[in-house]
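> Here you go, protein.cif (mmCIF, C-alpha atoms and all ligand atoms):
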```cif
data_my_file
#
loop_
_atom_site.group_PDB
_atom_site.id
_atom_site.type_symbol
_atom_site.label_atom_id
_atom_site.label_comp_id
_atom_site.auth_asym_id
_atom_site.auth_seq_id
_atom_site.Cartn_x
_atom_site.Cartn_y
_atom_site.Cartn_z
ATOM 1 C CA MET A 1 126.392 98.908 55.847
ATOM 2 C CA ALA A 2 126.639 102.680 56.399
ATOM 3 C CA LEU A 3 129.792 104.505 55.336
ATOM 4 C CA ARG A 4 129.513 106.893 58.281
ATOM 5 C CA ASN A 5 129.324 106.125 61.987
ATOM 6 C CA THR A 6 125.917 105.864 63.621
ATOM 7 C CA ALA A 7 124.974 106.171 67.302
ATOM 8 C CA ASP A 8 125.741 102.507 68.015
ATOM 9 C CA GLN A 9 128.097 101.452 65.228
ATOM 10 C CA TYR A 10 131.356 102.477 63.522
ATOM 11 C CA GLY A 11 130.835 103.000 59.770
ATOM 12 C CA THR A 12 132.715 101.242 56.972
ATOM 13 C CA ILE A 13 135.232 104.057 56.500
ATOM 14 C CA ALA A 14 136.205 104.300 60.201
ATOM 15 C CA LYS A 15 136.475 100.500 60.363
ATOM 16 C CA TRP A 16 138.682 100.273 57.288
ATOM 17 C CA LEU A 17 140.948 103.054 58.536
ATOM 18 C CA HIS A 18 141.184 101.369 61.955
ATOM 19 C CA TRP A 19 141.896 97.804 60.778
ATOM 20 C CA LEU A 20 144.213 98.879 57.963
ATOM 21 C CA THR A 21 146.256 100.826 60.525
ATOM 22 C CA ALA A 22 146.332 97.797 62.843
ATOM 23 C CA LEU A 23 147.582 95.611 59.967
ATOM 24 C CA LEU A 24 150.224 98.185 59.007
ATOM 25 C CA PHE A 25 151.470 98.389 62.599
ATOM 26 C CA LEU A 26 151.852 94.632 62.568
ATOM 27 C CA GLY A 27 153.741 94.894 59.258
ATOM 28 C CA SER A 28 156.042 97.623 60.538
ATOM 29 C CA TYR A 29 157.012 95.503 63.567
ATOM 30 C CA VAL A 30 157.362 92.252 61.637
ATOM 31 C CA SER A 31 159.609 93.892 59.030
ATOM 32 C CA VAL A 32 161.932 95.637 61.492
ATOM 33 C CA TYR A 33 162.232 92.645 63.864
ATOM 34 C CA TYR A 34 162.720 90.276 60.927
ATOM 35 C CA ARG A 35 165.559 92.546 59.840
ATOM 36 C CA HIS A 36 167.161 92.504 63.292
ATOM 37 C CA TRP A 37 166.696 88.846 64.143
ATOM 38 C CA PHE A 38 166.786 86.948 60.873
ATOM 39 C CA THR A 39 169.023 88.828 58.428
ATOM 40 C CA GLU A 40 172.724 89.613 58.187
ATOM 41 C CA GLU A 41 173.825 93.210 57.640
ATOM 42 C CA LYS A 42 174.421 94.347 54.049
ATOM 43 C CA THR A 43 172.422 91.485 52.500
ATOM 44 C CA PRO A 44 169.536 92.048 50.046
ATOM 45 C CA GLU A 45 167.041 90.622 52.609
ATOM 46 C CA ASN A 46 168.270 93.098 55.219
ATOM 47 C CA TRP A 47 167.742 95.982 52.776
ATOM 48 C CA THR A 48 164.313 94.743 51.656
ATOM 49 C CA ALA A 49 163.146 94.393 55.268
ATOM 50 C CA LEU A 50 164.341 97.949 56.037
ATOM 51 C CA GLN A 51 162.628 99.325 52.927
ATOM 52 C CA LEU A 52 159.383 97.561 53.823
ATOM 53 C CA HIS A 53 159.582 99.081 57.311
ATOM 54 C CA LEU A 54 160.113 102.566 55.874
ATOM 55 C CA SER A 55 157.348 102.174 53.248
ATOM 56 C CA ILE A 56 154.810 100.805 55.719
ATOM 57 C CA GLY A 57 155.697 103.539 58.234
ATOM 58 C CA VAL A 58 155.234 106.301 55.644
ATOM 59 C CA THR A 59 151.855 104.757 54.711
ATOM 60 C CA ILE A 60 150.773 104.921 58.362
ATOM 61 C CA GLY A 61 151.803 108.605 58.352
ATOM 62 C CA VAL A 62 149.538 109.291 55.350
ATOM 63 C CA ILE A 63 146.624 107.237 56.674
ATOM 64 C CA VAL A 64 146.648 108.942 60.058
ATOM 65 C CA VAL A 65 146.108 112.314 58.360
ATOM 66 C CA LEU A 66 143.071 110.920 56.479
ATOM 67 C CA ARG A 67 141.880 109.268 59.663
ATOM 68 C CA ILE A 68 142.034 112.461 61.737
ATOM 69 C CA LEU A 69 140.233 114.431 59.010
ATOM 70 C CA TRP A 70 137.538 111.752 58.826
ATOM 71 C CA ARG A 71 137.187 111.682 62.605
ATOM 72 C CA LEU A 72 136.729 115.461 62.685
ATOM 73 C CA TYR A 73 134.051 115.224 59.975
ATOM 74 C CA ASP A 74 132.176 112.115 61.152
ATOM 75 C CA ARG A 75 130.115 111.735 64.330
ATOM 76 C CA ARG A 76 131.354 109.505 67.192
ATOM 77 C CA PRO A 77 129.279 106.484 68.190
ATOM 78 C CA ASP A 78 127.699 107.010 71.609
ATOM 79 C CA PRO A 79 129.839 105.591 74.427
ATOM 80 C CA GLU A 80 128.907 102.178 75.800
ATOM 81 C CA PRO A 81 127.678 102.232 79.424
ATOM 82 C CA GLY A 82 130.582 102.598 81.868
ATOM 83 C CA THR A 83 131.901 104.696 84.733
ATOM 84 C CA ARG A 84 133.334 108.193 84.194
ATOM 85 C CA LEU A 85 136.763 106.770 84.960
ATOM 86 C CA GLU A 86 136.388 104.088 82.269
ATOM 87 C CA HIS A 87 135.306 106.687 79.698
ATOM 88 C CA LEU A 88 138.216 108.940 80.661
ATOM 89 C CA ALA A 89 140.675 106.025 80.354
ATOM 90 C CA ALA A 90 139.255 105.107 76.930
ATOM 91 C CA HIS A 91 139.582 108.702 75.705
ATOM 92 C CA LEU A 92 143.129 109.099 76.982
ATOM 93 C CA GLY A 93 144.092 105.727 75.493
ATOM 94 C CA HIS A 94 142.675 106.671 72.088
ATOM 95 C CA TYR A 95 144.396 110.076 72.080
ATOM 96 C CA ALA A 96 147.671 108.402 73.068
ATOM 97 C CA LEU A 97 147.282 105.984 70.130
ATOM 98 C CA TYR A 98 146.662 108.911 67.757
ATOM 99 C CA ALA A 99 149.843 110.526 69.156
ATOM 100 C CA VAL A 100 151.747 107.290 68.457
ATOM 101 C CA MET A 101 150.408 107.176 64.884
ATOM 102 C CA ILE A 102 151.835 110.686 64.343
ATOM 103 C CA ILE A 103 155.057 110.591 66.365
ATOM 104 C CA MET A 104 156.323 107.231 65.013
ATOM 105 C CA PRO A 105 156.212 108.154 61.304
ATOM 106 C CA VAL A 106 157.584 111.668 61.989
ATOM 107 C CA THR A 107 160.525 110.525 64.141
ATOM 108 C CA GLY A 108 161.070 107.577 61.763
ATOM 109 C CA TYR A 109 161.356 109.896 58.771
ATOM 110 C CA LEU A 110 163.460 112.540 60.557
ATOM 111 C CA GLY A 111 165.981 109.792 61.330
ATOM 112 C CA THR A 112 166.377 108.587 57.734
ATOM 113 C CA GLY A 113 169.900 108.650 56.330
ATOM 114 C CA VAL A 114 168.842 106.594 53.272
ATOM 115 C CA ALA A 115 166.041 107.211 50.772
ATOM 116 C CA THR A 116 162.764 105.324 51.174
ATOM 117 C CA GLU A 117 162.207 103.219 48.051
ATOM 118 C CA TYR A 118 158.439 103.342 48.525
ATOM 119 C CA PHE A 119 157.373 99.709 47.989
ATOM 120 C CA PHE A 120 160.083 99.770 45.288
ATOM 121 C CA LEU A 121 157.915 102.075 43.135
ATOM 122 C CA PHE A 122 159.503 105.526 43.634
ATOM 123 C CA ASP A 123 162.010 107.191 45.956
ATOM 124 C CA ILE A 124 161.312 109.536 48.852
ATOM 125 C CA PRO A 125 164.534 111.401 49.683
ATOM 126 C CA ALA A 126 166.241 110.685 53.018
ATOM 127 C CA PHE A 127 165.625 113.486 55.531
ATOM 128 C CA LYS A 128 169.409 113.832 55.704
ATOM 129 C CA ASP A 129 169.393 114.955 52.024
ATOM 130 C CA THR A 130 166.524 117.457 52.236
ATOM 131 C CA GLU A 131 166.718 121.261 52.142
ATOM 132 C CA LEU A 132 165.001 121.252 55.534
ATOM 133 C CA PHE A 133 167.878 119.383 57.147
ATOM 134 C CA ALA A 134 170.431 121.422 55.181
ATOM 135 C CA SER A 135 168.878 124.593 56.645
ATOM 136 C CA GLN A 136 169.773 123.053 60.051
ATOM 137 C CA PHE A 137 167.035 124.988 61.900
ATOM 138 C CA GLY A 138 169.815 127.343 63.031
ATOM 139 C CA LEU A 139 171.678 124.451 64.709
ATOM 140 C CA SER A 140 175.022 123.413 63.355
ATOM 141 C CA MET A 141 174.871 119.678 63.795
ATOM 142 C CA THR A 142 176.056 116.704 61.839
ATOM 143 C CA PHE A 143 173.285 114.307 60.842
ATOM 144 C CA GLU A 144 174.664 111.780 63.336
ATOM 145 C CA GLU A 145 174.289 114.278 66.178
ATOM 146 C CA PHE A 146 170.800 115.244 65.023
ATOM 147 C CA GLU A 147 169.716 111.628 64.569
ATOM 148 C CA LYS A 148 170.740 110.372 68.010
ATOM 149 C CA PRO A 149 167.904 111.820 70.156
ATOM 150 C CA ILE A 150 165.367 111.222 67.364
ATOM 151 C CA ASP A 151 166.370 107.561 67.124
ATOM 152 C CA PHE A 152 166.275 107.282 70.888
ATOM 153 C CA ILE A 153 162.615 108.362 70.867
ATOM 154 C CA HIS A 154 161.675 106.260 67.802
ATOM 155 C CA LYS A 155 163.410 103.053 68.776
ATOM 156 C CA ASP A 156 164.306 102.916 72.465
ATOM 157 C CA VAL A 157 161.460 104.812 74.128
ATOM 158 C CA MET A 158 158.502 104.361 71.815
ATOM 159 C CA GLY A 159 159.188 101.474 69.420
ATOM 160 C CA ALA A 160 160.532 99.118 72.074
ATOM 161 C CA TRP A 161 158.212 100.063 74.964
ATOM 162 C CA LEU A 162 155.550 102.715 74.825
ATOM 163 C CA VAL A 163 153.862 101.594 71.603
ATOM 164 C CA TRP A 164 153.745 98.000 72.805
ATOM 165 C CA ILE A 165 152.275 99.002 76.163
ATOM 166 C CA LEU A 166 149.601 101.186 74.563
ATOM 167 C CA ILE A 167 148.612 98.649 71.922
ATOM 168 C CA LEU A 168 148.562 95.704 74.327
ATOM 169 C CA GLY A 169 146.533 97.796 76.814
ATOM 170 C CA HIS A 170 144.143 98.750 73.994
ATOM 171 C CA VAL A 171 143.684 95.137 72.877
ATOM 172 C CA ALA A 172 143.246 93.985 76.498
ATOM 173 C CA ALA A 173 140.553 96.656 76.992
ATOM 174 C CA ALA A 174 138.738 95.499 73.820
ATOM 175 C CA LEU A 175 138.821 91.872 75.017
ATOM 176 C CA TYR A 176 137.678 92.876 78.510
ATOM 177 C CA HIS A 177 134.684 94.689 76.988
ATOM 178 C CA HIS A 178 133.827 91.702 74.815
ATOM 179 C CA PHE A 179 134.343 88.789 77.186
ATOM 180 C CA GLY A 180 134.170 90.520 80.608
ATOM 181 C CA LYS A 181 131.546 93.236 80.291
ATOM 182 C CA LYS A 182 129.945 91.537 77.273
ATOM 183 C CA ASP A 183 129.063 94.896 75.689
ATOM 184 C CA ARG A 184 129.124 96.009 72.017
ATOM 185 C CA THR A 185 132.509 97.832 72.065
ATOM 186 C CA LEU A 186 134.365 95.243 69.964
ATOM 187 C CA ILE A 187 131.320 94.280 67.908
ATOM 188 C CA ARG A 188 130.683 97.807 66.711
ATOM 189 C CA MET A 189 134.265 98.054 65.414
ATOM 190 C CA THR A 190 133.892 94.634 63.654
ATOM 191 C CA SER A 191 130.850 92.871 62.214
ATOM 192 C CA GLY A 192 128.268 95.011 63.979
ATOM 193 C CA ARG A 193 126.296 91.895 64.963
HETATM 194 C C1 LIG A 201 154.003 103.671 63.027
HETATM 195 C C2 LIG A 201 155.079 103.539 62.351
HETATM 196 C C3 LIG A 201 156.373 102.959 62.865
HETATM 197 C C4 LIG A 201 156.636 102.071 63.892
HETATM 198 C C5 LIG A 201 155.656 101.381 64.834
HETATM 199 C C6 LIG A 201 158.079 101.881 63.921
HETATM 200 C C7 LIG A 201 158.759 101.065 64.811
HETATM 201 C C8 LIG A 201 160.125 100.836 64.788
HETATM 202 C C9 LIG A 201 160.829 99.907 65.632
HETATM 203 C C10 LIG A 201 160.174 99.023 66.684
HETATM 204 C C11 LIG A 201 162.142 99.965 65.303
HETATM 205 C C12 LIG A 201 163.298 99.110 65.845
HETATM 206 C C13 LIG A 201 163.689 99.498 67.214
HETATM 207 C C14 LIG A 201 164.836 98.666 67.694
HETATM 208 O O1 LIG A 201 165.965 98.887 67.262
HETATM 209 O O2 LIG A 201 164.585 97.771 68.518
HETATM 210 C C15 LIG A 201 162.286 100.929 64.236
HETATM 211 C C16 LIG A 201 163.480 101.228 63.621
HETATM 212 C C17 LIG A 201 163.587 102.095 62.561
HETATM 213 N N1 LIG A 201 162.568 102.805 61.967
HETATM 214 FE FE1 LIG A 201 160.605 102.731 62.455
HETATM 215 N N2 LIG A 201 158.639 102.654 62.922
HETATM 216 C C18 LIG A 201 157.629 103.313 62.256
HETATM 217 C C19 LIG A 201 157.749 104.184 61.197
HETATM 218 C C20 LIG A 201 158.946 104.507 60.573
HETATM 219 C C21 LIG A 201 159.088 105.398 59.446
HETATM 220 C C22 LIG A 201 157.958 106.175 58.755
HETATM 221 C C23 LIG A 201 160.393 105.435 59.141
HETATM 222 C C24 LIG A 201 161.098 106.223 58.051
HETATM 223 C C25 LIG A 201 160.574 106.599 56.911
HETATM 224 C C26 LIG A 201 161.103 104.582 60.071
HETATM 225 C C27 LIG A 201 162.455 104.377 60.097
HETATM 226 C C28 LIG A 201 163.121 103.529 60.940
HETATM 227 C C29 LIG A 201 164.544 103.285 60.857
HETATM 228 C C30 LIG A 201 165.527 103.885 59.844
HETATM 229 C C31 LIG A 201 164.835 102.383 61.865
HETATM 230 C C32 LIG A 201 166.210 101.769 62.183
HETATM 231 C C33 LIG A 201 166.309 100.489 61.409
HETATM 232 C C34 LIG A 201 166.520 99.289 62.251
HETATM 233 O O3 LIG A 201 166.542 99.391 63.481
HETATM 234 O O4 LIG A 201 166.645 98.196 61.668
HETATM 235 N N3 LIG A 201 160.173 104.018 60.939
HETATM 236 N N4 LIG A 201 161.043 101.447 63.949
HETATM 237 C C1 LIG A 202 143.993 93.485 67.427
HETATM 238 C C2 LIG A 202 144.185 94.776 67.559
HETATM 239 C C3 LIG A 202 143.094 95.786 67.887
HETATM 240 C C4 LIG A 202 141.846 95.617 68.421
HETATM 241 C C5 LIG A 202 141.162 94.324 68.865
HETATM 242 C C6 LIG A 202 141.241 96.934 68.493
HETATM 243 C C7 LIG A 202 139.949 97.203 68.940
HETATM 244 C C8 LIG A 202 139.342 98.429 68.952
HETATM 245 C C9 LIG A 202 137.967 98.692 69.329
HETATM 246 C C10 LIG A 202 136.974 97.626 69.788
HETATM 247 C C11 LIG A 202 137.732 100.020 69.236
HETATM 248 C C12 LIG A 202 136.430 100.770 69.545
HETATM 249 C C13 LIG A 202 136.554 101.395 70.891
HETATM 250 C C14 LIG A 202 135.352 102.242 71.291
HETATM 251 O O1 LIG A 202 134.339 102.230 70.615
HETATM 252 O O2 LIG A 202 135.466 102.959 72.307
HETATM 253 C C15 LIG A 202 138.972 100.635 68.791
HETATM 254 C C16 LIG A 202 139.151 101.977 68.588
HETATM 255 C C17 LIG A 202 140.370 102.563 68.329
HETATM 256 N N1 LIG A 202 141.549 101.900 68.041
HETATM 257 FE FE1 LIG A 202 141.827 99.893 68.039
HETATM 258 N N2 LIG A 202 142.136 97.877 68.052
HETATM 259 C C18 LIG A 202 143.290 97.210 67.673
HETATM 260 C C19 LIG A 202 144.427 97.791 67.169
HETATM 261 C C20 LIG A 202 144.674 99.142 67.129
HETATM 262 C C21 LIG A 202 145.926 99.760 66.749
HETATM 263 C C22 LIG A 202 147.190 99.003 66.316
HETATM 264 C C23 LIG A 202 145.758 101.101 66.839
HETATM 265 C C24 LIG A 202 146.735 102.223 66.575
HETATM 266 C C25 LIG A 202 148.001 102.174 66.800
HETATM 267 C C26 LIG A 202 144.395 101.351 67.277
HETATM 268 C C27 LIG A 202 143.850 102.590 67.504
HETATM 269 C C28 LIG A 202 142.528 102.832 67.845
HETATM 270 C C29 LIG A 202 141.972 104.168 68.025
HETATM 271 C C30 LIG A 202 142.729 105.489 67.908
HETATM 272 C C31 LIG A 202 140.615 103.987 68.319
HETATM 273 C C32 LIG A 202 139.572 105.087 68.569
HETATM 274 C C33 LIG A 202 138.870 105.341 67.266
HETATM 275 C C34 LIG A 202 138.071 106.594 67.316
HETATM 276 O O3 LIG A 202 136.950 106.547 67.799
HETATM 277 O O4 LIG A 202 138.602 107.614 66.849
HETATM 278 N N3 LIG A 202 143.764 100.137 67.437
HETATM 279 N N4 LIG A 202 139.933 99.658 68.632
#
```
Step by step, read the file and then write its structure as structure tokens.

Amino acid sequence: MALRNTADQYGTIAKWLHWLTALLFLGSYVSVYYRHWFTEEKTPENWTALQLHLSIGVTIGVIVVLRILWRLYDRRPDPEPGTRLEHLAAHLGHYALYAVMIIMPVTGYLGTGVATEYFFLFDIPAFKDTELFASQFGLSMTFEEFEKPIDFIHKDVMGAWLVWILILGHVAAALYHHFGKKDRTLIRMTSGR
């Protein structure tokens, strides 16, 4: 199987980056909802679930950089037959998902008041404790004041709603292509056959 994309097929690298990201998104949701729904505050499980959420989120932030670089370097498979409106919707949906993959890790990290114990291997300092926050961007704010709007975007607007809507819409579109239009859209991102 080719490493790079071809006219009618995603290559191994694009597929790995795509499916690894999908798995990490699942992990970031499972860890944070497990923390909320199934653990008591200040217990070791609660802390572990938070740390897994932070570690997985940071990993998504790193992978999206590699993914964008690879996308700029690699060719795009040719679009499957469809109307101009369908192609426009697919493009906008994909760009919105790239935006999510950037905005979620950035807002997540900017809102950290505790260090990320990256998969319990090494520590990444909390944003609250960095020189960048200390410099205050010319604003004199406490971390709590700074964190509020950032958390609102990360949790209430995007995490709870927008990301779900975009991902569910994306999955529905993939299923519609596969079972409704019966074209190669899903196949070329999976087995290729
Ligand atoms: C794509 C990556 C990410 C997704 C999809 C995501 C999603 C979420 C969601 C759904 C919540 C809970 C919202 C609620 O209260 O209902 C949350 C909370 C939180 N996230 Fe993220 N997040 C991501 C990345 C990150 C990163 C990189 C960090 C920091 C390094 C981070 C830090 C936090 C913190 C501190 C909370 C509050 C903890 C809690 O509510 O239990 N997130 N995130
Ligand atoms: C079960 C879950 C998923 C399925 C079935 C799925 C399916 C697909 C398929 C079939 C394509 C190819 C579309 C085309 O050729 O036009 C694709 C592309 C894409 N997917 Fe997913 N996906 C899933 C999860 C995700 C998640 C969680 C994200 C990110 C948050 C994501 C982001 C993207 C992006 C950005 C592209 C465009 C890739 C590019 O050409 O640059 N997908 N997906």
> Quick one: contact table of range 62-132 of chain A to range 149-155 of chain A, 8 Å max, nearest atom pair and distance in Å to one decimal per residue, counting all atoms listed in the file, chain and number order, as a tab-separated table?

```
residue	atom	partner	partner_atom	distance
A:Met104	CA	A:His154	CA	6.1
A:Thr107	CA	A:His154	CA	5.7
A:Gly108	CA	A:His154	CA	6.2
A:Leu110	CA	A:Ile150	CA	7.2
A:Gly111	CA	A:Asp151	CA	6.2
```
> Within 6 Å of ligand LIG 202 (chain A), counting all atoms listed in the file, which protein or nucleic acid residues do you find, written as a PyMOL selection string?
chain A and resi 22+25+94+97-98+101+167+171+174+185-186+189
> In Å, with one decimal, what is the gap from atom C23 of ligand LIG 201 (chain A) to CA of Asp156 in chain A?
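According to the coordinates, atom C23 of ligand LIG 201 (chain A) and CA of Asp156 in chain A are separated by 14.1 Å.
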> Extending 4 Å beyond the listed atoms of ligand LIG 201 (chain A) on each side, what axis-aligned box results? I want centre and edge lengths in Å to one decimal, as AutoDock Vina command-line options.

```
--center_x 160.3 --center_y 102.2 --center_z 62.7 --size_x 20.6 --size_y 16.8 --size_z 19.6
```
> Within 6 Å of ligand LIG 201 (chain A), which residues show up when you count only C-alpha atoms and all ligand atoms? List them as JSON, numbers by chain, please.
{"A": [25, 28, 29, 32, 36, 54, 57, 58, 60, 101, 104, 105, 108, 109, 112, 155, 159, 160]}
> Give me the residues within 10 Å of Asp78 in chain A as a PDB file with C-alpha atoms, in the coordinates of the input, counting only C-alpha atoms and dropping any in the same chain fewer than 5 places off.

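Output (out-v4.pdb):
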```pdb
ATOM      1  CA  ASN A   5     129.324 106.125  61.987  1.00  0.00           C
ATOM      2  CA  THR A   6     125.917 105.864  63.621  1.00  0.00           C
ATOM      3  CA  ALA A   7     124.974 106.171  67.302  1.00  0.00           C
ATOM      4  CA  ASP A   8     125.741 102.507  68.015  1.00  0.00           C
ATOM      5  CA  GLN A   9     128.097 101.452  65.228  1.00  0.00           C
ATOM      6  CA  TYR A  10     131.356 102.477  63.522  1.00  0.00           C
TER       7      TYR A  10
END
```
> Would you write out, as CSV, a table of all residues in range 79-184 of chain A that have an atom no more than 7 Å from an atom of range 45-52 of chain A, listing for each the closest atom pair and the distance in Å to one decimal, considering only C-alpha atoms and ordering rows by chain and rising residue number?

```
residue,atom,partner,partner_atom,distance
A:Thr116,CA,A:Gln51,CA,6.3
A:Glu117,CA,A:Gln51,CA,6.3
A:Phe119,CA,A:Leu52,CA,6.5
```
> Expressed in Å to a single decimal, how great is the separation between CA of Pro125 in chain A and CA of Leu139 in chain A?
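Atom-to-atom, CA of Pro125 in chain A and CA of Leu139 in chain A are spaced 21.1 Å apart.
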> One number please: CA of Leu168 in chain A to CA of Arg67 in chain A, in Å, one decimal.
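Atom-to-atom, CA of Leu168 in chain A and CA of Arg67 in chain A are spaced 21.1 Å apart.
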> Which one is closest to Ala96 in chain A: A:Lys42, A:Phe122, A:Leu162, A:Ser135? Count all atoms listed in the file.
A:Leu162
> Return as a list in words the set of residues that the PyMOL selection byres (((chain A and resi 17) around 12) and not hetatm) yields on the displayed structure.
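Evaluating the PyMOL selection byres (((chain A and resi 17) around 12) and not hetatm) on these coordinates yields Leu3, Tyr10, Gly11, Thr12, Ile13, Ala14, Lys15, Trp16, His18, Trp19, Leu20, Thr21, Ala22, Leu23, Leu24, Thr59, Ile60, Val62, Ile63, Val64, Val65, Leu66, Arg67, Ile68, Leu69, Trp70, Arg71 and Met189 of chain A.
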> Write the residues you've just listed into a file as an mmCIF file, in the frame of the given file, and include C-alpha atoms for each of them.

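Saved as out-v4.cif:
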```
data_model
loop_
_atom_site.group_PDB
_atom_site.id
_atom_site.type_symbol
_atom_site.label_atom_id
_atom_site.label_comp_id
_atom_site.auth_asym_id
_atom_site.auth_seq_id
_atom_site.Cartn_x
_atom_site.Cartn_y
_atom_site.Cartn_z
ATOM 1 C CA LEU A 3 129.792 104.505 55.336
ATOM 2 C CA TYR A 10 131.356 102.477 63.522
ATOM 3 C CA GLY A 11 130.835 103.000 59.770
ATOM 4 C CA THR A 12 132.715 101.242 56.972
ATOM 5 C CA ILE A 13 135.232 104.057 56.500
ATOM 6 C CA ALA A 14 136.205 104.300 60.201
ATOM 7 C CA LYS A 15 136.475 100.500 60.363
ATOM 8 C CA TRP A 16 138.682 100.273 57.288
ATOM 9 C CA HIS A 18 141.184 101.369 61.955
ATOM 10 C CA TRP A 19 141.896 97.804 60.778
ATOM 11 C CA LEU A 20 144.213 98.879 57.963
ATOM 12 C CA THR A 21 146.256 100.826 60.525
ATOM 13 C CA ALA A 22 146.332 97.797 62.843
ATOM 14 C CA LEU A 23 147.582 95.611 59.967
ATOM 15 C CA LEU A 24 150.224 98.185 59.007
ATOM 16 C CA THR A 59 151.855 104.757 54.711
ATOM 17 C CA ILE A 60 150.773 104.921 58.362
ATOM 18 C CA VAL A 62 149.538 109.291 55.350
ATOM 19 C CA ILE A 63 146.624 107.237 56.674
ATOM 20 C CA VAL A 64 146.648 108.942 60.058
ATOM 21 C CA VAL A 65 146.108 112.314 58.360
ATOM 22 C CA LEU A 66 143.071 110.920 56.479
ATOM 23 C CA ARG A 67 141.880 109.268 59.663
ATOM 24 C CA ILE A 68 142.034 112.461 61.737
ATOM 25 C CA LEU A 69 140.233 114.431 59.010
ATOM 26 C CA TRP A 70 137.538 111.752 58.826
ATOM 27 C CA ARG A 71 137.187 111.682 62.605
ATOM 28 C CA MET A 189 134.265 98.054 65.414
#
```
> Skip Thr142 in chain A itself and residues of its chain fewer than 6 positions away, then list as a list of chain:residue names all residues within 10 Å of it, counting all atoms listed in the file.
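Returned residues: A:Lys128, A:Phe133, A:Ala134, A:Gln136.
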> Output the selection as a PDB file, in the frame of the given file - C-alpha atoms for each residue.

```pdb
ATOM      1  CA  LYS A 128     169.409 113.832  55.704  1.00  0.00           C
ATOM      2  CA  PHE A 133     167.878 119.383  57.147  1.00  0.00           C
ATOM      3  CA  ALA A 134     170.431 121.422  55.181  1.00  0.00           C
ATOM      4  CA  GLN A 136     169.773 123.053  60.051  1.00  0.00           C
TER       5      GLN A 136
END
```
> Determine the nearest neighbour of His170 in chain A from the options A:Asp183, A:Ile103, A:Ala90, A:Ile124, counting all atoms listed in the file.
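That would be A:Ala90, the residue with the smallest distance to His170 in chain A.
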> Restricting the calculation to all atoms listed in the file, which member of A:Gly27, A:Phe120, A:Glu86, A:Arg35 is positioned closest to Tyr176 in chain A?
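Of the candidates, the smallest distance to Tyr176 in chain A is held by A:Glu86.
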> Which residue, A:Leu26, A:Ile187, A:Ala126, A:Val114, has the smallest gap to Ile56 in chain A when you use all atoms listed in the file?
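Smallest separation from Ile56 in chain A among the options: A:Leu26.
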